[in-house]
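Asks: Here you go, this is entry13.cif (mmCIF, C-alpha atoms).
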data_entry
loop_
_atom_site.label_atom_id
_atom_site.label_comp_id
_atom_site.auth_asym_id
_atom_site.auth_seq_id
_atom_site.Cartn_x
_atom_site.Cartn_y
_atom_site.Cartn_z
CA MET A 5 80.63 -18.48 131.23
CA LYS A 6 83.24 -20.81 129.92
CA ASN A 7 85.95 -20.30 132.51
CA ARG A 8 86.97 -18.32 135.56
CA GLU A 9 88.88 -15.77 133.45
CA ASP A 10 85.72 -14.82 131.57
CA PHE A 11 83.99 -14.25 134.90
CA LEU A 12 86.83 -12.04 136.20
CA TYR A 13 86.61 -9.77 133.16
CA ASP A 14 82.82 -9.66 132.90
CA VAL A 15 81.90 -6.06 132.11
CA ARG A 16 79.29 -6.03 134.89
CA ILE A 17 81.80 -6.74 137.66
CA VAL A 18 85.29 -6.01 136.33
CA ASN A 19 85.53 -2.69 138.18
CA ARG A 20 84.85 -4.45 141.47
CA ASN A 21 87.43 -7.13 140.63
CA ILE A 22 90.03 -4.45 139.86
CA ARG A 23 89.19 -2.59 143.10
CA ASP A 24 89.43 -5.81 145.13
CA GLY A 25 92.73 -6.79 143.49
CA ALA A 26 91.43 -9.90 141.74
CA VAL A 27 92.42 -8.34 138.38
CA SER A 28 95.02 -5.69 137.60
CA LYS A 29 94.34 -2.86 135.18
CA LYS A 30 97.27 -4.09 133.10
CA ASP A 31 95.79 -7.61 132.86
CA TYR A 32 92.39 -6.16 131.97
CA GLY A 33 94.00 -4.10 129.19
CA LYS A 34 95.69 -7.21 127.82
CA TYR A 35 92.40 -9.08 127.96
CA LEU A 36 90.62 -6.33 126.00
CA ASP A 37 93.42 -6.20 123.42
CA GLY A 38 93.09 -9.96 122.92
CA LEU A 39 89.38 -9.89 122.12
CA PRO A 40 88.49 -10.56 118.49
CA ASP A 41 87.12 -7.74 116.33
CA VAL A 42 83.50 -8.67 115.58
CA GLU A 43 82.40 -5.36 114.07
CA ALA A 44 81.69 -7.10 110.75
CA ASN A 45 78.99 -9.14 112.50
CA SER A 46 77.10 -6.08 113.70
CA GLU A 47 73.96 -4.51 112.32
CA PRO A 48 72.96 -0.85 112.64
CA LEU A 49 70.17 -0.05 115.07
CA ILE A 50 67.76 2.45 113.58
CA ILE A 51 65.33 4.11 115.95
CA GLU A 52 62.66 6.06 114.14
CA ASP A 53 60.87 8.98 115.71
CA GLU A 54 57.24 8.55 116.67
CA PRO A 55 54.95 9.82 113.90
CA GLU A 56 53.59 13.27 114.70
CA THR A 57 50.00 12.17 114.19
CA LEU A 58 50.16 9.68 117.05
CA SER A 59 51.68 12.14 119.51
CA THR A 60 49.17 14.82 118.47
CA VAL A 61 46.24 12.47 118.93
CA SER A 62 47.57 11.35 122.30
CA ALA A 63 48.06 14.94 123.48
CA ALA A 64 44.56 15.88 122.33
CA ALA A 65 43.04 12.92 124.18
CA ASP A 66 44.89 13.87 127.37
CA THR A 67 43.66 17.48 127.08
CA GLU A 68 40.05 16.40 126.54
CA GLU A 69 40.24 14.00 129.48
CA ALA A 70 41.62 16.70 131.76
CA ALA A 71 38.91 19.11 130.64
CA GLY A 72 36.23 16.52 131.36
CA GLU A 73 37.61 15.95 134.87
CA ALA A 74 37.64 19.69 135.54
CA GLU A 75 33.96 19.96 134.51
CA GLU A 76 33.04 17.10 136.85
CA GLU A 77 34.77 18.84 139.76
CA GLU A 78 32.81 22.06 139.11
CA GLU A 79 29.47 20.26 139.33
#
Show this structure as structure tokens.

Replies:
Amino acid sequence: MKNREDFLYDVRIVNRNIRDGAVSKKDYGKYLDGLPDVEANSEPLIIEDEPETLSTVSAAADTEEAAGEAEEEEE
């Protein structure tokens, strides 16, 4: 981090710093308001669903494996 202020407002520990009195909620609000808007630099995150064929094959393999284990136990 560049300076102590960045450390005080780090999202991972800011709640602890507010609770301990190192940072006030008012100062934290000012800090957030002063941050630049970088939305234009963002890219959408697209998460595609797993193809049905893969999940069907996986489920079938699990069923066959379980059936094979059950047969071994019977013997």

Asks: Name the closest residue to Tyr13 (chain A) among the candidates A:Asp31, A:Glu54, A:Asp41, A:Glu47; distances are taken between atoms, counting only C-alpha atoms.

Replies: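 Of all the options, A:Asp31 lies closest to Tyr13 (chain A).
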
Asks: What does the distance from CA of Gly38 (chain A) to CA of Asp10 (chain A) come to in Å, to one decimal?

Replies: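 A separation of 12.4 Å between them.
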
Asks: Go ahead and compute the interatomic distance for CA of Leu39 (chain A) and CA of Asn21 (chain A), in Å to one decimal.

Replies: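 Straight-line distance from CA of Leu39 (chain A) to CA of Asn21 (chain A) works out to 18.8 Å.
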
Asks: Quick one: pull the distance between CA of Lys29 (chain A) and CA of Asn7 (chain A), Å, one decimal.

Replies: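 Those two atoms sit 19.5 Å apart.
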
Asks: Got a sec: who's within 12 Å of Tyr32 (chain A), counting all atoms listed in the file, leaving out chain neighbours fewer than 2 positions off, as a list of chain:residue names?

Replies: A:Glu9, A:Asp10, A:Leu12, A:Tyr13, A:Asp14, A:Val15, A:Val18, A:Asn19, A:Asn21, A:Ile22, A:Gly25, A:Ala26, A:Val27, A:Ser28, A:Lys29, A:Lys30, A:Lys34, A:Tyr35, A:Leu36, A:Asp37, A:Gly38, A:Leu39

Asks: For region 19-51 of chain A, supply N, CA and C atoms and report the output as a compact mmCIF listing (two decimals), in the coordinates of the input.

Replies:
# COMPACT_ATOMS: atom_id res chain seq x y z
N ASN A 19 85.06 -3.79 137.33
CA ASN A 19 85.53 -2.69 138.18
C ASN A 19 85.68 -3.13 139.63
N ARG A 20 84.75 -3.93 140.10
CA ARG A 20 84.85 -4.45 141.47
C ARG A 20 86.05 -5.38 141.61
N ASN A 21 86.29 -6.22 140.59
CA ASN A 21 87.43 -7.13 140.63
C ASN A 21 88.76 -6.37 140.61
N ILE A 22 88.81 -5.27 139.87
CA ILE A 22 90.03 -4.45 139.86
C ILE A 22 90.20 -3.79 141.23
N ARG A 23 89.13 -3.23 141.78
CA ARG A 23 89.19 -2.59 143.10
C ARG A 23 89.62 -3.57 144.18
N ASP A 24 89.12 -4.80 144.11
CA ASP A 24 89.43 -5.81 145.13
C ASP A 24 90.76 -6.50 144.89
N GLY A 25 91.42 -6.21 143.77
CA GLY A 25 92.73 -6.79 143.49
C GLY A 25 92.69 -8.15 142.81
N ALA A 26 91.53 -8.61 142.42
CA ALA A 26 91.43 -9.90 141.74
C ALA A 26 91.98 -9.81 140.31
N VAL A 27 91.94 -8.59 139.74
CA VAL A 27 92.42 -8.34 138.38
C VAL A 27 93.18 -7.02 138.40
N SER A 28 94.30 -6.96 137.70
CA SER A 28 95.02 -5.69 137.60
C SER A 28 94.54 -4.95 136.35
N LYS A 29 94.72 -3.65 136.36
CA LYS A 29 94.34 -2.86 135.18
C LYS A 29 95.16 -3.29 133.96
N LYS A 30 96.41 -3.64 134.19
CA LYS A 30 97.27 -4.09 133.10
C LYS A 30 96.73 -5.39 132.49
N ASP A 31 96.34 -6.34 133.35
CA ASP A 31 95.79 -7.61 132.86
C ASP A 31 94.47 -7.38 132.12
N TYR A 32 93.66 -6.46 132.63
CA TYR A 32 92.39 -6.16 131.97
C TYR A 32 92.64 -5.55 130.59
N GLY A 33 93.63 -4.68 130.49
CA GLY A 33 94.00 -4.10 129.19
C GLY A 33 94.44 -5.17 128.21
N LYS A 34 95.25 -6.11 128.68
CA LYS A 34 95.69 -7.21 127.82
C LYS A 34 94.51 -8.05 127.36
N TYR A 35 93.58 -8.29 128.29
CA TYR A 35 92.40 -9.08 127.96
C TYR A 35 91.59 -8.38 126.86
N LEU A 36 91.38 -7.07 127.00
CA LEU A 36 90.62 -6.33 126.00
C LEU A 36 91.32 -6.33 124.65
N ASP A 37 92.64 -6.18 124.67
CA ASP A 37 93.42 -6.20 123.42
C ASP A 37 93.34 -7.55 122.72
N GLY A 38 93.15 -8.62 123.48
CA GLY A 38 93.09 -9.96 122.92
C GLY A 38 91.73 -10.37 122.39
N LEU A 39 90.72 -9.55 122.62
CA LEU A 39 89.38 -9.89 122.12
C LEU A 39 89.32 -9.75 120.61
N PRO A 40 88.59 -10.65 119.95
CA PRO A 40 88.49 -10.56 118.49
C PRO A 40 87.63 -9.37 118.07
N ASP A 41 87.91 -8.83 116.88
CA ASP A 41 87.12 -7.74 116.33
C ASP A 41 85.90 -8.35 115.63
N VAL A 42 84.73 -8.10 116.14
CA VAL A 42 83.50 -8.67 115.58
C VAL A 42 82.59 -7.60 114.97
N GLU A 43 83.18 -6.46 114.64
CA GLU A 43 82.40 -5.36 114.07
C GLU A 43 81.68 -5.79 112.79
N ALA A 44 82.30 -6.66 112.00
CA ALA A 44 81.69 -7.10 110.75
C ALA A 44 80.40 -7.87 110.98
N ASN A 45 80.20 -8.39 112.18
CA ASN A 45 78.99 -9.14 112.50
C ASN A 45 77.84 -8.25 112.98
N SER A 46 78.11 -6.97 113.13
CA SER A 46 77.10 -6.08 113.70
C SER A 46 76.11 -5.58 112.66
N GLU A 47 74.98 -5.12 113.16
CA GLU A 47 73.96 -4.51 112.32
C GLU A 47 73.59 -3.17 112.92
N PRO A 48 73.32 -2.16 112.09
CA PRO A 48 72.96 -0.85 112.64
C PRO A 48 71.59 -0.90 113.31
N LEU A 49 71.44 -0.15 114.37
CA LEU A 49 70.17 -0.05 115.07
C LEU A 49 69.55 1.28 114.70
N ILE A 50 68.43 1.24 114.03
CA ILE A 50 67.76 2.45 113.58
C ILE A 50 66.51 2.65 114.43
N ILE A 51 66.48 3.78 115.12
CA ILE A 51 65.33 4.11 115.95
C ILE A 51 64.62 5.27 115.28
